[in-house]
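Working notes, structure below.
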Amino acid sequence: MSLSCSRLSFVALLALAACRGGDAGHRRTLIDARNRYDPKSLDPALSTDVPTGRAVSYIFDGLTRFSPDAKVGPALASRWDVSSDGRTYLFHLRSGVRFHDGSLLHASDVVHSFTRVLDPVNKSGRPWPLYPIAGARDFAAGKAPAVAGVTAVDDSTVRITLDTALAIFPKLLAMPVASVVPAKISPDFGEHPVGTGAWMLASWQHDDYVLLARNPEYFDGAPKLDSLMIRIIPEPSTAVAEFESSNVDLLYVPEADAPRWAQTDEKKALLTSAPALRLWYVALNTTRGPLKDVRVRQALNQALDVHTILDKLLGGRGHVAAGVIPPTLEGADPGRKPYAYDPAAAKKLLAAAGYAKGFDVDLWMPQDPAFVRLAESIQSYLAAVGVRVKLIQRESAAAREASRNGQTDMFVKDWYADYPDAENFLYPLLHGANRGVGGNVSFYENKEFDRIVSLARTEQDSAKRTALYRQADSLSFADAPMIYLFFYNELYAVQPWVKGFVAPTIFNGQKFTDVTVTAH
Amino acid sequence: MGALLARRALLAIPTLAGVVIVAFLLLYVAPGDPVMEMVGERADSATIARLRSELHLDESLPRQFAHYAGGVLRGDLGRSFITGRPIARDIAERFPKTLLLAGTAMLLAVIVGVSIGVLSARHPGGWIDRGGLAIAYLGVSFPVYWVGLLLILLFAVMLRWLPPSGYGRPEFLILPALALGSRSIAFLARMTRSSMLEVLSSDFVRTARAKGAREKWVLVHHALRNALVPVISVLGLDFGSYLTGSILTETVFSWPGIGRYVVNAIGRRDLPAIQGTVLFLSVVFVVVNVITDLAYAAADPRIAYD
């Protein structure tokens, strides 16, 4: 313990000496400038946002994990068996895995970790990935002394029983909140996390940086770099300046800046991209005014030239959406055509619905330059078919709350997958059970759609499940509970001396173990 | 002096009590729900209800206030809803950094601003005066955010003399202090100039010159000391603008101070963090005001408090 501590602080000092002055010459530290705010905590139980989830996934492992191209694979569990009814999972733990404090990983740690997330005392905002476990809801509600569905069979086997079969369960376990923590933890675990992950916390200066040191004993091969520094840079222009001064290695190019970066060859050479599992759309509240009418919602889809919007505002970085399932996921239908841009047809549909003279409607948006521009162009396209849009700009927290309470007619937003599965789009965004806080801010309800999606969730056969996903997506696409915009390809700028970085499709899919920094 | 301090301390109590009440009420009137921020994009109503009761948000407003005020009286600012860390520790971690930034900016502003002011007043209408005035107008007109980005572009990206942002060694302090102080430099220069001009035309300066005192001595010892009284009062009043200015400056320069802390807290509706910071900053204001009053007395013996 003391040995590893002194090693940690030594590495921290080295890294600090090497990189704080912009002396990028000989460091073996990668500096990531993608975070605009500090992680909330490094306690996996509190992870509900990207900066937190990303940091947690460096320090901790779950039973499963995602690769950069968003495939689920073994992590702390080397393999798992599923019962024929799909309700019981046996996870076989990798042997000899140690936490950063030197203690061995046991099956009881897994049981404890999941129980901890569900325990209301820990104020976890995101217990839902573990709700499928039998007895989880009862325990969370204080009706049961323990989570019945998760037990340690022996030191290296965990049995998890679900309420009903759920094919995506292994993907839920790769989410940061399902990370495994030691059974004994300090009261300020969020500040002094101990995991099994590729990186160990060396120091955390709030709002300034998180410094991680390599875990030389990482079970899957120690990281090639000595350390990883996550700098917290709130202002995007400043992050760009840091990148241009060679002080940071990795930059998230702000959406609104994407066209500018692609203009010069010198800058273009530094760009890398991945089709993110991220849908941009306008949620149409199907319970409000003219938006109740499916013809009106279809007309709104036909009134927008999404191709042009994508090209002009985002440098064409993405795919126009013809449904909510991203093209890279099973269940997407490559044959389905997006709504065609046809203002005349849109006007006809509006007239048929009794709105020949158009109508007034509110469009809400968060305070983000990319969304503001998007909303403004939507406003002008809709004006051309007689729909008078009033733009309402709010802080993202306030806009989100209003939409969850059903107070927004239209809300332009995006949805970022927590796990790579079509279910993560169909179920939260459009299932009747998730209206409001669950994510369905269209308040869409279609019994047939709900039935198909619920069926797909329990279906064990992947081909059948894919077919059900596709069917559900087609059904809701025709109902147009949203204006389908596009799937955005996220854009990163990477310094030429960084080797081995693959842009992750899902936010916690890149652990930097294979990344190196060459002399420059 | 002791009596003055005691009286000011007593007067501060109702002020701070008012701050606690107003800050509390304002937050409950404003839209946005901390629990929604805690649960993220996808949530379930059972968790939301549970968090509400864990955080006492389901209780009546007076009860919530009593709960909060009771904590404050015991010296406990509570824990952040979002991070679970004690607010007092968060503030203790960040305020010294803001103080360092604001203090450096202020020092810079005083040295540069007062110097420009004195030199301008010495030869009104001369090139220093006109140049200084031009700089002063520019400084007052440009928003601090923009000045900050401009400084980064010039000194960090183009010239590469200084790091663009961050916290650490002294060189990290220069650009943010300059950005934060720029407005005050301008303000102080104009203030000092007019005040000096007034004093320089007064009888005792003529007398001092008549008895053969050297011009430098007259300027600094006789004129400047008298001209500083309004400058000090401006500085005291301006301290608030340093703290609010630090919100933007800290964001532009990734400075991990209290300004960014409160901005983040507001964005996340982290009620105890906002209330704690507002209360703490109010105490700072009160203290600074008292110090300003004491500084008047030191600068001008005619001012006495009894």
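Ordered as shown in the structure tokens, chains take letters A, B, and onward, while each chain numbers its residues from 1 and ligands are numbered from 1 in the order shown.
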Determine, counting only C-alpha atoms, which protein, DNA and RNA residues have an atom within 8 Å of an atom of Ile258 of chain B; residues of the same chain fewer than 2 positions away are not included. Present the result as a list in words. Ile91, Arg94, Phe95, Lys97, Thr98, Ile247, Pro256, Arg260, Tyr261, Val262 and Thr277 of chain B
Using only C-alpha atoms, find each residue of chain A with at least one atom at most 7 Å away from an atom of chain B; report its shortest atom-to-atom pair and that distance in Å (one decimal), sort the rows by chain and rising residue number, and return the result as JSON lines.
{"residue": "A:Lys40", "atom": "CA", "partner": "B:Thr83", "partner_atom": "CA", "distance": 5.0}
{"residue": "A:Ser41", "atom": "CA", "partner": "B:Thr83", "partner_atom": "CA", "distance": 5.6}
{"residue": "A:Thr48", "atom": "CA", "partner": "B:Gly40", "partner_atom": "CA", "distance": 5.4}
{"residue": "A:Asp49", "atom": "CA", "partner": "B:Gly40", "partner_atom": "CA", "distance": 6.5}
{"residue": "A:Lys123", "atom": "CA", "partner": "B:Leu51", "partner_atom": "CA", "distance": 6.4}
{"residue": "A:Gly125", "atom": "CA", "partner": "B:Val39", "partner_atom": "CA", "distance": 4.1}
{"residue": "A:Arg126", "atom": "CA", "partner": "B:Val39", "partner_atom": "CA", "distance": 5.7}
{"residue": "A:His206", "atom": "CA", "partner": "B:Pro256", "partner_atom": "CA", "distance": 6.9}
{"residue": "A:Asp207", "atom": "CA", "partner": "B:Pro256", "partner_atom": "CA", "distance": 5.0}
{"residue": "A:Asp208", "atom": "CA", "partner": "B:Pro256", "partner_atom": "CA", "distance": 5.5}
{"residue": "A:Ile233", "atom": "CA", "partner": "B:Ser254", "partner_atom": "CA", "distance": 5.3}
{"residue": "A:Pro234", "atom": "CA", "partner": "B:Thr251", "partner_atom": "CA", "distance": 5.9}
{"residue": "A:Glu235", "atom": "CA", "partner": "B:Val252", "partner_atom": "CA", "distance": 5.6}
{"residue": "A:Thr238", "atom": "CA", "partner": "B:Val252", "partner_atom": "CA", "distance": 6.4}
{"residue": "A:Ala241", "atom": "CA", "partner": "B:Val157", "partner_atom": "CA", "distance": 6.2}
{"residue": "A:Glu242", "atom": "CA", "partner": "B:Pro164", "partner_atom": "CA", "distance": 6.0}
{"residue": "A:Glu244", "atom": "CA", "partner": "B:Val157", "partner_atom": "CA", "distance": 6.5}
{"residue": "A:Ser245", "atom": "CA", "partner": "B:Val157", "partner_atom": "CA", "distance": 5.5}
{"residue": "A:Ala397", "atom": "CA", "partner": "B:Gly32", "partner_atom": "CA", "distance": 6.1}
{"residue": "A:Ala398", "atom": "CA", "partner": "B:Gly32", "partner_atom": "CA", "distance": 4.8}
{"residue": "A:Glu401", "atom": "CA", "partner": "B:Gly32", "partner_atom": "CA", "distance": 6.5}
{"residue": "A:Val437", "atom": "CA", "partner": "B:Ala43", "partner_atom": "CA", "distance": 5.6}
{"residue": "A:Gly438", "atom": "CA", "partner": "B:Ala43", "partner_atom": "CA", "distance": 4.9}
{"residue": "A:Gly439", "atom": "CA", "partner": "B:Arg42", "partner_atom": "CA", "distance": 5.3}
Those residues you just picked out, can you put them in a file as a PDB file, in the first residue's frame with N, CA and C atoms?
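What ended up in part-v4.pdb:
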ATOM      1  N   LYS A  40     -18.245  14.893 -11.630  1.00  0.00           N
ATOM      2  CA  LYS A  40     -18.995  15.155 -10.399  1.00  0.00           C
ATOM      3  C   LYS A  40     -18.292  14.504  -9.214  1.00  0.00           C
ATOM      4  N   SER A  41     -17.771  13.339  -9.468  1.00  0.00           N
ATOM      5  CA  SER A  41     -17.180  12.528  -8.421  1.00  0.00           C
ATOM      6  C   SER A  41     -16.481  11.394  -9.161  1.00  0.00           C
ATOM      7  N   THR A  48     -23.530   9.982 -13.857  1.00  0.00           N
ATOM      8  CA  THR A  48     -24.686  10.109 -14.753  1.00  0.00           C
ATOM      9  C   THR A  48     -24.356  10.938 -15.982  1.00  0.00           C
ATOM     10  N   ASP A  49     -23.129  11.451 -16.073  1.00  0.00           N
ATOM     11  CA  ASP A  49     -22.797  12.323 -17.199  1.00  0.00           C
ATOM     12  C   ASP A  49     -21.495  11.864 -17.846  1.00  0.00           C
ATOM     13  N   LYS A 123     -27.338   7.923  -2.671  1.00  0.00           N
ATOM     14  CA  LYS A 123     -27.873   8.973  -3.547  1.00  0.00           C
ATOM     15  C   LYS A 123     -27.426   8.811  -4.999  1.00  0.00           C
ATOM     16  N   GLY A 125     -27.933   8.679  -8.701  1.00  0.00           N
ATOM     17  CA  GLY A 125     -29.023   9.183  -9.531  1.00  0.00           C
ATOM     18  C   GLY A 125     -29.397   8.209 -10.635  1.00  0.00           C
ATOM     19  N   ARG A 126     -28.631   7.125 -10.782  1.00  0.00           N
ATOM     20  CA  ARG A 126     -28.847   6.276 -11.929  1.00  0.00           C
ATOM     21  C   ARG A 126     -28.822   4.791 -11.569  1.00  0.00           C
ATOM     22  N   HIS A 206      -9.588  20.019  -8.379  1.00  0.00           N
ATOM     23  CA  HIS A 206     -10.932  20.271  -8.899  1.00  0.00           C
ATOM     24  C   HIS A 206     -10.962  21.454  -9.856  1.00  0.00           C
ATOM     25  N   ASP A 207     -11.695  21.286 -10.939  1.00  0.00           N
ATOM     26  CA  ASP A 207     -11.861  22.320 -11.972  1.00  0.00           C
ATOM     27  C   ASP A 207     -10.550  22.618 -12.711  1.00  0.00           C
ATOM     28  N   ASP A 208      -9.494  21.864 -12.423  1.00  0.00           N
ATOM     29  CA  ASP A 208      -8.216  22.130 -13.071  1.00  0.00           C
ATOM     30  C   ASP A 208      -7.794  20.883 -13.863  1.00  0.00           C
ATOM     31  N   ILE A 233     -11.303  22.310 -19.201  1.00  0.00           N
ATOM     32  CA  ILE A 233     -11.244  23.608 -19.877  1.00  0.00           C
ATOM     33  C   ILE A 233     -12.668  24.000 -20.268  1.00  0.00           C
ATOM     34  N   PRO A 234     -13.269  24.932 -19.526  1.00  0.00           N
ATOM     35  CA  PRO A 234     -14.693  25.206 -19.746  1.00  0.00           C
ATOM     36  C   PRO A 234     -14.986  25.916 -21.069  1.00  0.00           C
ATOM     37  N   GLU A 235     -14.063  26.750 -21.525  1.00  0.00           N
ATOM     38  CA  GLU A 235     -14.351  27.564 -22.710  1.00  0.00           C
ATOM     39  C   GLU A 235     -13.774  26.865 -23.951  1.00  0.00           C
ATOM     40  N   THR A 238     -10.776  28.419 -25.658  1.00  0.00           N
ATOM     41  CA  THR A 238      -9.535  28.255 -24.909  1.00  0.00           C
ATOM     42  C   THR A 238      -8.939  26.878 -25.177  1.00  0.00           C
ATOM     43  N   ALA A 241      -7.160  27.027 -28.324  1.00  0.00           N
ATOM     44  CA  ALA A 241      -5.880  27.734 -28.172  1.00  0.00           C
ATOM     45  C   ALA A 241      -4.841  26.821 -27.530  1.00  0.00           C
ATOM     46  N   GLU A 242      -5.252  26.039 -26.545  1.00  0.00           N
ATOM     47  CA  GLU A 242      -4.328  25.104 -25.895  1.00  0.00           C
ATOM     48  C   GLU A 242      -3.831  24.068 -26.913  1.00  0.00           C
ATOM     49  N   GLU A 244      -3.708  24.495 -30.186  1.00  0.00           N
ATOM     50  CA  GLU A 244      -2.847  25.148 -31.171  1.00  0.00           C
ATOM     51  C   GLU A 244      -1.490  25.503 -30.585  1.00  0.00           C
ATOM     52  N   SER A 245      -1.411  25.648 -29.262  1.00  0.00           N
ATOM     53  CA  SER A 245      -0.114  25.892 -28.628  1.00  0.00           C
ATOM     54  C   SER A 245       0.582  24.586 -28.282  1.00  0.00           C
ATOM     55  N   ALA A 397     -30.562  22.757 -18.411  1.00  0.00           N
ATOM     56  CA  ALA A 397     -31.290  22.115 -17.303  1.00  0.00           C
ATOM     57  C   ALA A 397     -32.759  22.546 -17.311  1.00  0.00           C
ATOM     58  N   ALA A 398     -32.983  23.839 -17.529  1.00  0.00           N
ATOM     59  CA  ALA A 398     -34.346  24.353 -17.489  1.00  0.00           C
ATOM     60  C   ALA A 398     -35.156  23.856 -18.689  1.00  0.00           C
ATOM     61  N   GLU A 401     -36.070  20.235 -18.157  1.00  0.00           N
ATOM     62  CA  GLU A 401     -37.128  20.052 -17.159  1.00  0.00           C
ATOM     63  C   GLU A 401     -38.497  20.397 -17.760  1.00  0.00           C
ATOM     64  N   VAL A 437     -39.946  11.922 -17.628  1.00  0.00           N
ATOM     65  CA  VAL A 437     -38.590  11.779 -17.085  1.00  0.00           C
ATOM     66  C   VAL A 437     -37.806  10.631 -17.695  1.00  0.00           C
ATOM     67  N   GLY A 438     -38.481   9.628 -18.213  1.00  0.00           N
ATOM     68  CA  GLY A 438     -37.772   8.476 -18.772  1.00  0.00           C
ATOM     69  C   GLY A 438     -37.040   8.805 -20.057  1.00  0.00           C
ATOM     70  N   GLY A 439     -37.367   9.928 -20.689  1.00  0.00           N
ATOM     71  CA  GLY A 439     -36.683  10.325 -21.909  1.00  0.00           C
ATOM     72  C   GLY A 439     -37.617  10.537 -23.088  1.00  0.00           C
TER      73      GLY A 439
END
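Omitting Arg214 of chain A and its sequence neighbours fewer than 2 positions away, and counting only C-alpha atoms, the residues within 6 Å are Trp199, Pro216, Pro223, Asp226 and Ser227 of chain A.
For the choices A:Tyr341, A:Tyr416, A:Phe449, A:Phe487, the atom-to-atom distance to Leu475 of chain A is smallest for A:Phe449 when using only C-alpha atoms.
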Report as a list in words all protein, DNA and RNA residues lying within 9 Å of segment 281-283 of chain B, evaluated on only C-alpha atoms, omitting residues in the same chain fewer than 3 positions from it.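 Here the qualifying residues turn out to be Ala12, Thr15, Leu16, Val19, Leu243, Gly276, Thr277, Val278, Val286, Val287 and Val288 of chain B.
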Go ahead and write the selection's residues with N, CA and C atoms as a PDB file, in the first residue's frame.
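The resulting file, result.pdb, is shown below:
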ATOM      1  N   ALA B  12     -23.518  44.197  10.196  1.00  0.00           N
ATOM      2  CA  ALA B  12     -23.415  43.176   9.147  1.00  0.00           C
ATOM      3  C   ALA B  12     -24.421  42.059   9.361  1.00  0.00           C
ATOM      4  N   THR B  15     -27.663  42.360   7.470  1.00  0.00           N
ATOM      5  CA  THR B  15     -27.342  42.264   6.039  1.00  0.00           C
ATOM      6  C   THR B  15     -27.206  40.805   5.624  1.00  0.00           C
ATOM      7  N   LEU B  16     -26.421  40.069   6.401  1.00  0.00           N
ATOM      8  CA  LEU B  16     -26.173  38.678   6.040  1.00  0.00           C
ATOM      9  C   LEU B  16     -27.429  37.827   6.189  1.00  0.00           C
ATOM     10  N   VAL B  19     -29.328  38.301   3.168  1.00  0.00           N
ATOM     11  CA  VAL B  19     -28.729  37.567   2.052  1.00  0.00           C
ATOM     12  C   VAL B  19     -29.160  36.100   2.083  1.00  0.00           C
ATOM     13  N   LEU B 243     -14.781  40.255  -8.174  1.00  0.00           N
ATOM     14  CA  LEU B 243     -15.310  38.918  -7.912  1.00  0.00           C
ATOM     15  C   LEU B 243     -16.248  38.474  -9.030  1.00  0.00           C
ATOM     16  N   GLY B 276     -24.356  28.607  -0.300  1.00  0.00           N
ATOM     17  CA  GLY B 276     -23.136  28.708   0.496  1.00  0.00           C
ATOM     18  C   GLY B 276     -22.177  29.724  -0.094  1.00  0.00           C
ATOM     19  N   THR B 277     -22.027  29.702  -1.417  1.00  0.00           N
ATOM     20  CA  THR B 277     -21.085  30.624  -2.049  1.00  0.00           C
ATOM     21  C   THR B 277     -21.592  32.058  -1.949  1.00  0.00           C
ATOM     22  N   VAL B 278     -22.894  32.241  -2.170  1.00  0.00           N
ATOM     23  CA  VAL B 278     -23.449  33.596  -2.086  1.00  0.00           C
ATOM     24  C   VAL B 278     -23.245  34.149  -0.682  1.00  0.00           C
ATOM     25  N   VAL B 286     -18.732  42.407   2.999  1.00  0.00           N
ATOM     26  CA  VAL B 286     -18.861  43.190   4.212  1.00  0.00           C
ATOM     27  C   VAL B 286     -17.480  43.492   4.781  1.00  0.00           C
ATOM     28  N   VAL B 287     -16.647  42.495   4.822  1.00  0.00           N
ATOM     29  CA  VAL B 287     -15.295  42.681   5.363  1.00  0.00           C
ATOM     30  C   VAL B 287     -14.527  43.710   4.532  1.00  0.00           C
ATOM     31  N   VAL B 288     -14.648  43.600   3.221  1.00  0.00           N
ATOM     32  CA  VAL B 288     -13.930  44.536   2.353  1.00  0.00           C
ATOM     33  C   VAL B 288     -14.429  45.960   2.572  1.00  0.00           C
TER      34      VAL B 288
END
Going by DSSP on the backbone, which bits of segment 250-302 of chain B are helix (DSSP H, G or I)? Write them as a count of residues only, please. 42
Minimum-distance residue to Asn215 of chain A, chosen among A:Ala467, A:Arg260, A:Val194, A:Arg231 (using only C-alpha atoms):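 Nearest to Asn215 of chain A: A:Val194.
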Just give me the gap between atom CA of Phe425 of chain A and atom CA of Tyr58 of chain A in Å, one decimal is fine.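 Answer for the atom CA of Phe425 of chain A to atom CA of Tyr58 of chain A separation: 25.6 Å.
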Test item: residues at most 9 Å from Gly386 of chain A, only C-alpha atoms, excluding those fewer than 5 positions along its chain, as a ChimeraX atom specification: /A:347,355-360
DSSP on the backbone: which residues in segment 265-434 of chain A end up as strand (DSSP E)? Give the answer as an MDAnalysis selection string. chainID A and resid 271:284 318:320 360:366 388:394 410:416
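Counting only C-alpha atoms and comparing A:Tyr488, A:Phe371, A:Tyr252, A:Tyr419, the residue that lies closest to Ala503 of chain A is A:Tyr252.
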For segment 143-145 of chain B, please output as number ranges by chain all residues within 8 Å (counting only C-alpha atoms; exclusion window: fewer than 5 positions along the same chain). B: 179-180, 182-183, 245, 248-249, 252
